[in-house]
>>> print(open('structure-v7.csv').read())   # CSV, C-alpha atoms
chain,number,residue,atom,x,y,z
A,1,MET,CA,10.4,-10.5,-25.4
A,2,ARG,CA,9.8,-9.9,-21.7
A,3,ARG,CA,10.3,-6.3,-20.7
A,4,CYS,CA,10.9,-5.9,-17.0
A,5,PHE,CA,12.1,-3.1,-14.7
A,6,VAL,CA,14.4,-3.1,-11.8
A,7,LEU,CA,13.2,-0.8,-9.0
A,8,LEU,CA,15.3,0.4,-6.1
A,9,LEU,CA,12.7,1.1,-3.4
A,10,SER,CA,13.1,2.8,-0.1
A,11,LEU,CA,10.6,1.3,2.3
A,12,LEU,CA,10.0,3.3,5.4
A,13,LEU,CA,8.3,0.5,7.3
A,14,ALA,CA,11.4,-1.6,6.7
A,15,ALA,CA,13.5,0.9,8.6
A,16,CYS,CA,14.5,2.6,5.4
A,17,ALA,CA,16.1,-0.6,4.0
A,18,GLN,CA,16.5,-0.8,0.3
A,19,ASP,CA,15.3,-3.8,-1.7
A,20,THR,CA,15.9,-4.4,-5.4
A,21,LEU,CA,12.9,-5.9,-7.1
A,22,ARG,CA,12.4,-7.2,-10.7
A,23,VAL,CA,8.9,-6.1,-11.7
A,24,GLN,CA,6.8,-6.0,-14.8
A,25,THR,CA,3.8,-3.9,-15.9
A,26,SER,CA,0.4,-5.5,-16.0
A,27,GLU,CA,0.3,-5.0,-19.7
A,28,ASP,CA,3.6,-6.9,-20.2
A,29,TRP,CA,2.6,-9.6,-17.8
A,30,LEU,CA,-0.6,-10.1,-19.7
A,31,ARG,CA,1.4,-10.8,-22.9
A,32,ASP,CA,4.0,-13.0,-21.3
A,33,GLU,CA,1.7,-15.2,-19.1
A,34,PRO,CA,-0.7,-16.9,-21.6
A,35,GLY,CA,-1.1,-19.9,-19.3
A,36,SER,CA,-3.1,-17.9,-16.8
A,37,ARG,CA,-4.6,-15.4,-19.2
A,38,ALA,CA,-8.0,-14.9,-17.4
A,39,GLU,CA,-6.3,-14.2,-14.1
A,40,VAL,CA,-3.8,-11.7,-15.7
A,41,GLN,CA,-6.6,-10.0,-17.7
A,42,THR,CA,-8.5,-9.5,-14.4
A,43,PHE,CA,-5.5,-7.9,-12.8
A,44,GLN,CA,-5.0,-5.6,-15.8
A,45,GLN,CA,-8.7,-4.6,-15.9
A,46,VAL,CA,-8.7,-3.9,-12.2
A,47,SER,CA,-5.4,-1.9,-12.5
A,48,GLN,CA,-6.8,0.3,-15.1
A,49,ALA,CA,-10.1,1.0,-13.2
A,50,ILE,CA,-8.5,1.6,-9.8
A,51,GLY,CA,-5.6,3.6,-11.3
A,52,ALA,CA,-8.1,6.0,-13.0
A,53,GLU,CA,-10.2,6.5,-9.9
A,54,ALA,CA,-7.1,6.9,-7.7
A,55,ARG,CA,-5.9,9.6,-10.1
A,56,ASN,CA,-9.3,11.4,-9.8
A,57,GLN,CA,-9.1,11.3,-6.0
A,58,CYS,CA,-5.5,12.4,-6.0
A,59,LEU,CA,-6.2,15.4,-8.2
A,60,LYS,CA,-8.8,16.6,-5.6
A,61,GLN,CA,-6.0,17.0,-3.0
A,62,PRO,CA,-4.8,20.6,-2.8
A,63,GLY,CA,-1.6,21.2,-4.8
A,64,ARG,CA,-1.2,17.5,-5.7
A,65,LYS,CA,0.3,16.8,-9.2
A,66,ASN,CA,2.1,13.5,-8.7
A,67,CYS,CA,-1.0,11.4,-9.4
A,68,GLU,CA,-0.1,8.9,-12.1
A,69,LEU,CA,0.0,5.6,-10.3
A,70,ARG,CA,1.7,2.6,-12.1
A,71,MET,CA,0.8,-1.0,-11.3
A,72,PHE,CA,3.6,-3.7,-11.3
A,73,VAL,CA,3.9,-7.4,-10.7
A,74,ASP,CA,6.8,-8.8,-8.7
A,75,LEU,CA,8.4,-11.4,-11.0
A,76,ASN,CA,9.8,-13.5,-8.1
A,77,PRO,CA,7.5,-16.6,-8.2
A,78,ARG,CA,8.4,-17.5,-4.6
A,79,ALA,CA,7.6,-14.1,-3.1
A,80,GLN,CA,4.9,-14.4,-0.3
A,81,ALA,CA,1.5,-12.8,-0.8
A,82,ASN,CA,2.0,-9.1,-0.5
A,83,ALA,CA,0.9,-5.8,-2.0
A,84,PHE,CA,2.3,-2.4,-1.2
A,85,GLN,CA,2.6,1.2,-2.4
A,86,THR,CA,5.9,3.0,-2.6
A,87,LEU,CA,7.8,5.4,-4.7
A,88,ASP,CA,10.3,4.4,-7.4
A,89,GLU,CA,13.8,5.9,-7.7
A,90,ASN,CA,12.3,8.9,-9.6
A,91,GLY,CA,9.8,9.6,-6.9
A,92,GLN,CA,6.9,8.3,-8.9
A,93,PRO,CA,4.1,6.3,-7.1
A,94,VAL,CA,3.9,2.6,-7.8
A,95,ILE,CA,1.8,-0.3,-6.5
A,96,ILE,CA,3.5,-3.7,-6.5
A,97,PHE,CA,1.6,-7.0,-6.2
A,98,THR,CA,3.4,-10.4,-5.8
A,99,GLN,CA,2.0,-13.1,-8.0
A,100,SER,CA,0.9,-15.1,-5.0
A,101,MET,CA,-1.1,-12.1,-3.8
A,102,ILE,CA,-2.9,-11.9,-7.1
A,103,ARG,CA,-3.7,-15.6,-7.0
A,104,SER,CA,-5.0,-15.4,-3.4
A,105,ALA,CA,-7.8,-13.0,-4.4
A,106,GLN,CA,-11.0,-15.0,-4.9
A,107,ASN,CA,-12.6,-12.4,-7.2
A,108,ALA,CA,-12.1,-9.0,-8.9
A,109,ASP,CA,-13.7,-7.2,-6.0
A,110,GLU,CA,-11.1,-8.5,-3.5
A,111,LEU,CA,-8.3,-7.6,-5.9
A,112,ALA,CA,-9.8,-4.1,-6.4
A,113,PHE,CA,-10.2,-3.5,-2.7
A,114,VAL,CA,-6.6,-4.4,-1.9
A,115,MET,CA,-5.4,-2.2,-4.8
A,116,GLY,CA,-7.7,0.6,-3.8
A,117,HIS,CA,-6.3,0.5,-0.3
A,118,GLU,CA,-2.8,0.7,-1.5
A,119,ALA,CA,-3.7,3.5,-3.9
A,120,ALA,CA,-5.3,5.4,-1.0
A,121,HIS,CA,-1.9,5.4,0.8
A,122,HIS,CA,-0.5,7.5,-2.0
A,123,VAL,CA,-3.5,9.8,-2.4
A,124,LEU,CA,-3.3,10.5,1.4
A,125,GLY,CA,0.4,11.2,1.2
A,126,HIS,CA,1.3,8.6,3.8
A,127,ILE,CA,4.9,8.2,2.8
A,128,ALA,CA,5.6,11.9,3.2
A,129,ARG,CA,3.7,12.0,6.5
A,130,GLN,CA,5.6,9.0,7.8
A,131,SER,CA,8.9,10.7,6.8
A,132,GLU,CA,7.9,13.8,8.7
A,133,ASN,CA,6.8,11.8,11.8
A,134,ALA,CA,10.1,9.9,11.7
A,135,SER,CA,12.2,13.0,11.4
A,136,ALA,CA,10.4,14.8,14.2
A,137,SER,CA,10.5,11.9,16.6
A,138,ALA,CA,14.2,11.2,15.8
A,139,ALA,CA,15.1,14.8,16.6
A,140,GLU,CA,13.2,14.6,19.9
A,141,PHE,CA,14.7,11.4,21.0
A,142,GLY,CA,18.2,12.7,20.0
A,143,ARG,CA,17.6,15.9,21.9
A,144,ARG,CA,16.6,14.0,25.1
A,145,GLU,CA,19.6,11.7,24.9
A,146,GLN,CA,21.9,14.8,24.4
A,147,LEU,CA,20.4,16.4,27.5
A,148,ARG,CA,21.1,13.2,29.5
A,149,GLY,CA,24.8,13.6,28.5
A,150,GLY,CA,24.9,10.8,25.9
A,151,ASP,CA,27.8,10.6,23.5
A,152,ALA,CA,27.6,10.7,19.7
A,153,ALA,CA,26.9,7.0,19.4
A,154,ALA,CA,24.1,7.1,22.1
A,155,ILE,CA,22.5,10.1,20.4
A,156,GLU,CA,22.6,8.3,17.0
A,157,ALA,CA,21.0,5.2,18.5
A,158,ALA,CA,18.3,7.3,20.2
A,159,GLN,CA,17.6,9.0,16.9
A,160,LYS,CA,17.2,5.7,15.1
A,161,GLN,CA,14.8,4.4,17.8
A,162,GLY,CA,12.9,7.7,17.6
A,163,ALA,CA,12.5,7.4,13.9
A,164,LYS,CA,11.1,3.9,14.3
A,165,VAL,CA,8.7,5.0,17.0
A,166,GLY,CA,7.6,8.0,14.9
A,167,ILE,CA,6.7,5.8,12.0
A,168,GLN,CA,4.9,3.1,14.1
A,169,ALA,CA,3.0,5.5,16.3
A,170,TYR,CA,0.7,6.5,13.4
A,171,VAL,CA,0.8,3.5,11.1
A,172,LYS,CA,-2.5,2.0,12.4
A,173,ASP,CA,-4.2,5.3,11.8
A,174,PHE,CA,-2.8,5.4,8.3
A,175,GLU,CA,-4.1,1.9,7.6
A,176,LEU,CA,-7.6,2.9,8.7
A,177,GLU,CA,-7.5,6.1,6.6
A,178,ALA,CA,-6.5,4.0,3.6
A,179,ASP,CA,-9.3,1.5,4.3
A,180,GLN,CA,-11.8,4.3,4.3
A,181,LEU,CA,-10.6,6.0,1.1
A,182,GLY,CA,-9.8,2.7,-0.4
A,183,THR,CA,-13.5,1.7,0.0
A,184,ILE,CA,-14.5,4.8,-1.9
A,185,ILE,CA,-12.0,4.2,-4.7
A,186,THR,CA,-13.1,0.6,-5.0
A,187,TYR,CA,-16.7,1.6,-5.2
A,188,ASN,CA,-16.2,4.4,-7.7
A,189,ALA,CA,-14.1,2.1,-9.9
A,190,GLY,CA,-17.1,-0.2,-10.3
A,191,TYR,CA,-16.3,-2.9,-7.7
A,192,ASN,CA,-18.0,-3.9,-4.4
A,193,PRO,CA,-15.8,-3.1,-1.4
A,194,LEU,CA,-18.0,-5.2,0.9
A,195,ILE,CA,-17.2,-8.2,-1.1
A,196,GLY,CA,-13.6,-7.1,-1.4
A,197,ALA,CA,-13.3,-6.8,2.4
A,198,LYS,CA,-14.0,-10.5,2.7
A,199,PHE,CA,-10.3,-10.7,2.1
A,200,PHE,CA,-9.8,-9.9,5.8
A,201,GLU,CA,-11.5,-13.2,6.8
A,202,ARG,CA,-8.6,-15.2,5.3
A,203,ILE,CA,-5.6,-13.3,6.8
A,204,PRO,CA,-4.2,-13.5,10.3
A,205,ASP,CA,-5.6,-11.0,12.8
A,206,PRO,CA,-2.8,-8.8,14.1
A,207,GLY,CA,-4.8,-8.0,17.2
A,208,ASP,CA,-4.3,-4.7,19.0
A,209,THR,CA,-0.6,-4.7,20.0
A,210,PHE,CA,1.3,-1.7,21.1
A,211,LEU,CA,3.3,-0.2,18.1
A,212,GLY,CA,1.9,-2.9,15.8
A,213,THR,CA,1.8,-2.2,12.1
A,214,HIS,CA,-1.9,-3.0,11.5
A,215,PRO,CA,-5.2,-2.5,13.4
A,216,PRO,CA,-7.4,-5.5,14.3
A,217,ASN,CA,-9.2,-7.0,11.3
A,218,ALA,CA,-12.6,-6.3,12.9
A,219,GLN,CA,-11.8,-2.6,13.2
A,220,ARG,CA,-10.8,-2.5,9.6
A,221,VAL,CA,-13.9,-4.3,8.4
A,222,GLN,CA,-16.1,-1.9,10.4
A,223,ILE,CA,-14.5,1.1,8.7
A,224,VAL,CA,-15.4,-0.5,5.3
A,225,ILE,CA,-19.0,-1.2,6.4
A,226,GLU,CA,-19.5,2.3,7.7
A,227,THR,CA,-18.0,3.9,4.6
A,228,ALA,CA,-19.9,1.7,2.2
A,229,ALA,CA,-23.2,2.5,4.0
A,230,LYS,CA,-22.6,6.2,3.3
A,231,LEU,CA,-22.2,5.2,-0.4
A,232,GLY,CA,-25.5,3.4,-0.3
A,233,LEU,CA,-24.1,-0.1,0.0
A,234,THR,CA,-25.3,-2.5,2.7
A,235,GLN,CA,-24.5,-6.1,3.5
>>> encode(input="structure-v7.csv", output="C-alpha coordinates")
Amino acid sequence: MRRCFVLLLSLLLAACAQDTLRVQTSEDWLRDEPGSRAEVQTFQQVSQAIGAEARNQCLKQPGRKNCELRMFVDLNPRAQANAFQTLDENGQPVIIFTQSMIRSAQNADELAFVMGHEAAHHVLGHIARQSENASASAAEFGRREQLRGGDAAAIEAAQKQGAKVGIQAYVKDFELEADQLGTIITYNAGYNPLIGAKFFERIPDPGDTFLGTHPPNAQRVQIVIETAAKLGLTQ
(Lines of atoms letter the chains of each structure in order from A and count residues from 1; the text may use other names and numbers.)
(Lines give C-alpha, C1' and ligand atoms only; values in the text may rest on other atoms or scores of the structure.)
Protein backbone atom coordinates (compact mmCIF):
# COMPACT_ATOMS: atom_id res chain seq x y z
CA MET A 1 0.00 0.00 0.00
CA ARG A 2 1.38 3.39 -0.95
CA ARG A 3 2.18 5.58 2.01
CA CYS A 4 2.46 9.26 1.19
CA PHE A 5 2.60 12.49 3.12
CA VAL A 6 1.00 15.84 2.58
CA LEU A 7 3.37 18.67 3.41
CA LEU A 8 2.29 22.27 3.85
CA LEU A 9 5.40 24.17 2.90
CA SER A 10 6.18 27.83 3.40
CA LEU A 11 8.53 28.86 0.59
CA LEU A 12 10.31 32.15 1.14
CA LEU A 13 11.34 32.54 -2.47
CA ALA A 14 7.71 32.22 -3.52
CA ALA A 15 6.83 35.33 -1.50
CA CYS A 16 5.83 33.15 1.43
CA ALA A 17 3.09 31.46 -0.58
CA GLN A 18 1.97 28.11 0.71
CA ASP A 19 1.85 25.02 -1.52
CA THR A 20 0.40 21.65 -0.64
CA LEU A 21 2.47 18.76 -1.99
CA ARG A 22 1.87 15.03 -1.96
CA VAL A 23 5.24 13.44 -1.39
CA GLN A 24 6.68 10.05 -0.60
CA THR A 25 9.90 8.90 1.05
CA SER A 26 12.57 7.36 -1.16
CA GLU A 27 12.08 4.03 0.64
CA ASP A 28 8.36 3.93 -0.13
CA TRP A 29 8.94 5.11 -3.68
CA LEU A 30 11.41 2.25 -4.19
CA ARG A 31 8.75 -0.27 -3.17
CA ASP A 32 5.96 1.27 -5.21
CA GLU A 33 7.80 1.90 -8.50
CA PRO A 34 9.11 -1.52 -9.64
CA GLY A 35 9.03 -0.48 -13.30
CA SER A 36 11.99 1.89 -12.82
CA ARG A 37 13.71 0.06 -10.01
CA ALA A 38 17.33 0.89 -10.96
CA GLU A 39 16.56 4.60 -11.14
CA VAL A 40 14.70 4.55 -7.84
CA GLN A 41 17.40 2.50 -6.13
CA THR A 42 20.00 5.05 -7.24
CA PHE A 43 17.92 7.84 -5.75
CA GLN A 44 17.61 5.97 -2.46
CA GLN A 45 21.34 5.18 -2.30
CA VAL A 46 22.28 8.78 -3.04
CA SER A 47 19.74 9.99 -0.48
CA GLN A 48 21.27 7.85 2.24
CA ALA A 49 24.85 8.89 1.46
CA ILE A 50 24.14 12.60 1.07
CA GLY A 51 21.84 12.63 4.09
CA ALA A 52 24.52 11.09 6.30
CA GLU A 53 27.23 13.52 5.18
CA ALA A 54 24.91 16.52 5.41
CA ARG A 55 24.13 15.51 8.98
CA ASN A 56 27.87 15.37 9.74
CA GLN A 57 28.38 18.84 8.30
CA CYS A 58 25.33 20.20 10.11
CA LEU A 59 26.48 18.93 13.50
CA LYS A 60 29.74 20.82 13.02
CA GLN A 61 27.81 24.10 13.09
CA PRO A 62 27.78 25.74 16.55
CA GLY A 63 24.59 25.02 18.45
CA ARG A 64 22.91 23.16 15.58
CA LYS A 65 20.68 20.20 16.50
CA ASN A 66 18.07 20.13 13.73
CA CYS A 67 20.22 18.03 11.42
CA GLU A 68 18.06 15.07 10.34
CA LEU A 69 17.30 15.76 6.70
CA ARG A 70 14.59 13.71 5.05
CA MET A 71 14.39 13.08 1.31
CA PHE A 72 11.05 13.03 -0.50
CA VAL A 73 9.73 12.54 -4.01
CA ASP A 74 6.95 14.75 -5.36
CA LEU A 75 4.21 12.37 -6.53
CA ASN A 76 2.90 14.75 -9.20
CA PRO A 77 4.03 13.09 -12.47
CA ARG A 78 3.56 16.34 -14.39
CA ALA A 79 5.68 18.52 -12.08
CA GLN A 80 8.58 20.22 -13.88
CA ALA A 81 12.17 19.30 -13.08
CA ASN A 82 12.92 20.83 -9.71
CA ALA A 83 14.59 20.13 -6.38
CA PHE A 84 14.46 22.30 -3.29
CA GLN A 85 15.12 22.35 0.43
CA THR A 86 12.54 23.64 2.86
CA LEU A 87 11.01 22.95 6.26
CA ASP A 88 7.88 20.92 6.88
CA GLU A 89 5.02 22.05 9.10
CA ASN A 90 6.95 20.84 12.16
CA GLY A 91 10.06 22.78 11.25
CA GLN A 92 12.01 19.70 10.16
CA PRO A 93 14.33 20.01 7.14
CA VAL A 94 13.32 18.20 3.97
CA ILE A 95 14.58 17.99 0.41
CA ILE A 96 12.02 17.35 -2.31
CA PHE A 97 12.77 16.12 -5.82
CA THR A 98 10.25 15.99 -8.61
CA GLN A 99 10.25 12.75 -10.59
CA SER A 100 11.28 14.59 -13.76
CA MET A 101 14.27 16.04 -11.89
CA ILE A 102 15.39 12.57 -10.87
CA ARG A 103 15.06 11.31 -14.44
CA SER A 104 16.95 14.30 -15.83
CA ALA A 105 20.11 13.36 -13.90
CA GLN A 106 22.40 11.42 -16.23
CA ASN A 107 24.26 9.63 -13.44
CA ALA A 108 24.48 9.26 -9.67
CA ASP A 109 27.11 12.01 -9.44
CA GLU A 110 24.72 14.60 -10.89
CA LEU A 111 21.94 13.46 -8.60
CA ALA A 112 24.30 13.62 -5.61
CA PHE A 113 25.56 17.08 -6.55
CA VAL A 114 22.06 18.54 -6.80
CA MET A 115 21.08 16.89 -3.52
CA GLY A 116 24.29 18.02 -1.85
CA HIS A 117 23.61 21.59 -2.96
CA GLU A 118 20.10 21.49 -1.48
CA ALA A 119 21.37 19.92 1.73
CA ALA A 120 23.95 22.69 2.01
CA HIS A 121 21.17 25.27 2.11
CA HIS A 122 19.96 23.72 5.37
CA VAL A 123 23.42 23.25 6.85
CA LEU A 124 24.15 26.93 6.21
CA GLY A 125 20.84 28.05 7.70
CA HIS A 126 19.72 29.88 4.59
CA ILE A 127 16.00 29.81 5.34
CA ALA A 128 16.51 31.48 8.71
CA ARG A 129 18.95 33.97 7.19
CA GLN A 130 16.48 34.79 4.41
CA SER A 131 13.78 35.39 7.01
CA GLU A 132 16.04 37.74 8.96
CA ASN A 133 17.01 39.65 5.81
CA ALA A 134 13.37 39.92 4.75
CA SER A 135 12.26 41.19 8.17
CA ALA A 136 15.03 43.77 8.40
CA SER A 137 14.45 45.05 4.88
CA ALA A 138 10.66 45.14 5.35
CA ALA A 139 11.06 47.20 8.51
CA GLU A 140 13.41 49.65 6.78
CA PHE A 141 11.16 50.10 3.75
CA GLY A 142 8.17 50.59 6.02
CA ARG A 143 10.02 53.16 8.12
CA ARG A 144 11.01 55.15 5.04
CA GLU A 145 7.45 55.16 3.73
CA GLN A 146 6.17 56.28 7.12
CA LEU A 147 8.65 59.17 7.15
CA ARG A 148 7.36 60.18 3.72
CA GLY A 149 3.88 60.40 5.21
CA GLY A 150 2.43 57.29 3.62
CA ASP A 151 -0.82 55.87 4.96
CA ALA A 152 -1.25 52.36 6.40
CA ALA A 153 -1.80 50.77 2.98
CA ALA A 154 1.29 52.44 1.52
CA ILE A 155 3.39 51.37 4.49
CA GLU A 156 2.19 47.78 4.16
CA ALA A 157 2.97 47.77 0.43
CA ALA A 158 6.43 49.14 1.15
CA GLN A 159 7.03 46.46 3.75
CA LYS A 160 6.06 43.73 1.27
CA GLN A 161 8.40 45.18 -1.34
CA GLY A 162 11.15 45.46 1.26
CA ALA A 163 10.74 41.81 2.23
CA LYS A 164 11.11 40.78 -1.40
CA VAL A 165 14.21 42.90 -1.86
CA GLY A 166 15.68 41.59 1.41
CA ILE A 167 15.36 38.03 0.18
CA GLN A 168 16.60 38.58 -3.34
CA ALA A 169 19.52 40.81 -2.41
CA TYR A 170 21.45 37.87 -0.94
CA VAL A 171 19.99 34.89 -2.77
CA LYS A 172 22.82 34.69 -5.33
CA ASP A 173 25.38 34.64 -2.54
CA PHE A 174 23.43 31.87 -0.84
CA GLU A 175 23.45 29.83 -4.06
CA LEU A 176 27.22 30.13 -4.36
CA GLU A 177 27.67 29.22 -0.69
CA ALA A 178 25.51 26.14 -1.25
CA ASP A 179 27.51 25.21 -4.36
CA GLN A 180 30.73 25.38 -2.35
CA LEU A 181 29.54 23.33 0.61
CA GLY A 182 27.51 21.09 -1.69
CA THR A 183 30.72 20.20 -3.50
CA ILE A 184 32.27 19.11 -0.20
CA ILE A 185 29.18 17.13 0.82
CA THR A 186 29.07 15.41 -2.57
CA TYR A 187 32.75 14.47 -2.41
CA ASN A 188 32.65 13.23 1.18
CA ALA A 189 29.57 11.15 0.36
CA GLY A 190 31.55 9.25 -2.25
CA TYR A 191 30.55 11.02 -5.46
CA ASN A 192 32.43 13.22 -7.91
CA PRO A 193 31.22 16.85 -7.83
CA LEU A 194 33.07 17.70 -11.05
CA ILE A 195 30.98 15.13 -12.89
CA GLY A 196 27.93 16.25 -10.95
CA ALA A 197 28.42 19.87 -12.00
CA LYS A 198 28.03 18.83 -15.65
CA PHE A 199 24.36 19.30 -14.83
CA PHE A 200 24.88 23.04 -15.34
CA GLU A 201 25.65 22.43 -19.01
CA ARG A 202 22.06 21.35 -19.65
CA ILE A 203 20.10 24.05 -17.83
CA PRO A 204 19.38 27.62 -18.98
CA ASP A 205 21.93 30.21 -17.94
CA PRO A 206 20.21 32.90 -15.82
CA GLY A 207 22.94 35.41 -16.66
CA ASP A 208 23.73 38.16 -14.17
CA THR A 209 20.48 40.07 -13.79
CA PHE A 210 19.78 42.53 -10.99
CA LEU A 211 17.84 40.84 -8.18
CA GLY A 212 17.90 37.55 -10.07
CA THR A 213 17.56 34.34 -8.09
CA HIS A 214 20.63 32.47 -9.38
CA PRO A 215 24.17 33.43 -10.41
CA PRO A 216 25.49 32.74 -13.93
CA ASN A 217 26.21 29.05 -14.53
CA ALA A 218 29.88 29.76 -15.30
CA GLN A 219 30.34 31.39 -11.90
CA ARG A 220 28.76 28.42 -10.19
CA VAL A 221 30.90 25.93 -12.09
CA GLN A 222 34.02 27.90 -11.16
CA ILE A 223 33.15 27.65 -7.46
CA VAL A 224 32.81 23.89 -7.85
CA ILE A 225 36.14 23.59 -9.67
CA GLU A 226 37.99 25.69 -7.08
CA THR A 227 36.46 23.81 -4.15
CA ALA A 228 37.11 20.43 -5.76
CA ALA A 229 40.76 21.36 -6.35
CA LYS A 230 41.17 21.97 -2.62
CA LEU A 231 39.83 18.46 -2.10
CA GLY A 232 42.42 17.03 -4.52
CA LEU A 233 40.07 16.67 -7.51
CA THR A 234 41.02 18.04 -10.90
CA GLN A 235 39.32 17.94 -14.26
>>> closest_residue(input="structure-v7.csv", among="A:Ala189, A:Ala108, A:Leu87, A:Ala158", to="Gln48 in chain A", atoms="only C-alpha atoms")
A:Ala189
>>> closest_residue(input="structure-v7.csv", among="A:Phe43, A:Trp29, A:Phe113, A:Phe72", to="Val224 in chain A", atoms="all atoms listed in the file")
A:Phe113
>>> closest_residue(input="structure-v7.csv", among="A:Met71, A:Ile223, A:Ala163, A:Ala153", to="Glu140 in chain A", atoms="only C-alpha atoms")
A:Ala163
>>> atom_distance(input="structure-v7.csv", atom1="CA of Arg143 in chain A", atom2="CA of Gln159 in chain A")
8.5 Å
>>> residues_around(input="structure-v7.csv", residues="Leu181 in chain A", least_positions_apart="4", cutoff="12 Å", atoms="only C-alpha atoms", output="NGL selection string")
:A and (50 or 53-54 or 57-58 or 113-124 or 174-177 or 185-188 or 193 or 223-224 or 226-228 or 231)
>>> atom_distance(input="structure-v7.csv", atom1="CA of Asp205 in chain A", atom2="CA of Leu21 in chain A")
27.6 Å
>>> closest_residue(input="structure-v7.csv", among="A:Phe141, A:Ile184, A:Leu59, A:Val46", to="Leu111 in chain A", atoms="only C-alpha atoms")
A:Val46
>>> residues_around(input="structure-v7.csv", residues="range 65-70 of chain A", least_positions_apart="6", cutoff="6 Å", atoms="only C-alpha atoms", output="VMD selection string")
chain A and resid 55 58 93 to 94
>>> atom_distance(input="structure-v7.csv", atom1="CA of Ile155 in chain A", atom2="CA of Gly142 in chain A")
5.0 Å
>>> closest_residue(input="structure-v7.csv", among="A:Ala154, A:Phe97, A:Asp109, A:His214", to="Ala49 in chain A", atoms="all atoms listed in the file")
A:Asp109
>>> closest_residue(input="structure-v7.csv", among="A:Thr42, A:Gln235, A:Gln24, A:Asn217", to="Phe199 in chain A", atoms="only C-alpha atoms")
A:Asn217
>>> decode(input="structure-v7.csv", residues="range 116-145 of chain A", atoms="N, CA and C atoms", output="short mmCIF file (atom, residue, chain, number, x, y, z; two decimals), in the first residue's frame")
data_model
loop_
_atom_site.label_atom_id
_atom_site.label_comp_id
_atom_site.auth_asym_id
_atom_site.auth_seq_id
_atom_site.Cartn_x
_atom_site.Cartn_y
_atom_site.Cartn_z
N GLY A 116 23.32 17.41 -2.76
CA GLY A 116 24.29 18.02 -1.85
C GLY A 116 24.14 19.52 -1.77
N HIS A 117 23.86 20.14 -2.92
CA HIS A 117 23.61 21.59 -2.96
C HIS A 117 22.40 21.95 -2.10
N GLU A 118 21.30 21.21 -2.26
CA GLU A 118 20.10 21.49 -1.48
C GLU A 118 20.33 21.25 0.00
N ALA A 119 21.06 20.20 0.33
CA ALA A 119 21.37 19.92 1.73
C ALA A 119 22.20 21.05 2.34
N ALA A 120 23.10 21.60 1.53
CA ALA A 120 23.95 22.69 2.01
C ALA A 120 23.13 23.91 2.41
N HIS A 121 22.02 24.15 1.73
CA HIS A 121 21.17 25.27 2.11
C HIS A 121 20.72 25.13 3.56
N HIS A 122 20.38 23.91 3.97
CA HIS A 122 19.96 23.72 5.37
C HIS A 122 21.13 23.85 6.32
N VAL A 123 22.24 23.20 5.97
CA VAL A 123 23.42 23.25 6.85
C VAL A 123 23.84 24.69 7.11
N LEU A 124 23.73 25.53 6.10
CA LEU A 124 24.15 26.93 6.21
C LEU A 124 23.07 27.84 6.77
N GLY A 125 21.91 27.26 7.07
CA GLY A 125 20.84 28.05 7.70
C GLY A 125 20.26 29.12 6.82
N HIS A 126 20.15 28.85 5.52
CA HIS A 126 19.72 29.88 4.59
C HIS A 126 18.27 30.31 4.77
N ILE A 127 17.40 29.41 5.15
CA ILE A 127 16.00 29.81 5.34
C ILE A 127 15.89 30.82 6.47
N ALA A 128 16.55 30.55 7.58
CA ALA A 128 16.51 31.48 8.71
C ALA A 128 17.16 32.81 8.34
N ARG A 129 18.26 32.75 7.60
CA ARG A 129 18.95 33.97 7.19
C ARG A 129 18.11 34.78 6.21
N GLN A 130 17.39 34.10 5.32
CA GLN A 130 16.48 34.79 4.41
C GLN A 130 15.38 35.49 5.19
N SER A 131 14.86 34.80 6.20
CA SER A 131 13.78 35.39 7.01
C SER A 131 14.27 36.64 7.73
N GLU A 132 15.48 36.57 8.28
CA GLU A 132 16.04 37.74 8.96
C GLU A 132 16.25 38.90 7.99
N ASN A 133 16.79 38.59 6.81
CA ASN A 133 17.01 39.65 5.81
C ASN A 133 15.68 40.27 5.38
N ALA A 134 14.67 39.42 5.18
CA ALA A 134 13.37 39.92 4.75
C ALA A 134 12.76 40.82 5.82
N SER A 135 12.83 40.40 7.08
CA SER A 135 12.26 41.19 8.17
C SER A 135 12.94 42.54 8.31
N ALA A 136 14.28 42.53 8.25
CA ALA A 136 15.03 43.77 8.40
C ALA A 136 14.74 44.73 7.25
N SER A 137 14.71 44.20 6.03
CA SER A 137 14.45 45.05 4.88
C SER A 137 13.01 45.57 4.88
N ALA A 138 12.06 44.72 5.28
CA ALA A 138 10.66 45.14 5.35
C ALA A 138 10.49 46.27 6.35
N ALA A 139 11.15 46.15 7.50
CA ALA A 139 11.06 47.20 8.51
C ALA A 139 11.64 48.52 8.00
N GLU A 140 12.76 48.44 7.29
CA GLU A 140 13.41 49.65 6.78
C GLU A 140 12.56 50.32 5.71
N PHE A 141 12.01 49.52 4.79
CA PHE A 141 11.16 50.10 3.75
C PHE A 141 9.90 50.72 4.35
N GLY A 142 9.35 50.05 5.36
CA GLY A 142 8.17 50.59 6.02
C GLY A 142 8.46 51.88 6.75
N ARG A 143 9.63 51.94 7.39
CA ARG A 143 10.02 53.16 8.12
C ARG A 143 10.18 54.34 7.17
N ARG A 144 10.80 54.07 6.02
CA ARG A 144 11.01 55.15 5.04
C ARG A 144 9.67 55.65 4.50
N GLU A 145 8.75 54.74 4.24
CA GLU A 145 7.45 55.16 3.73
C GLU A 145 6.69 55.94 4.78
#
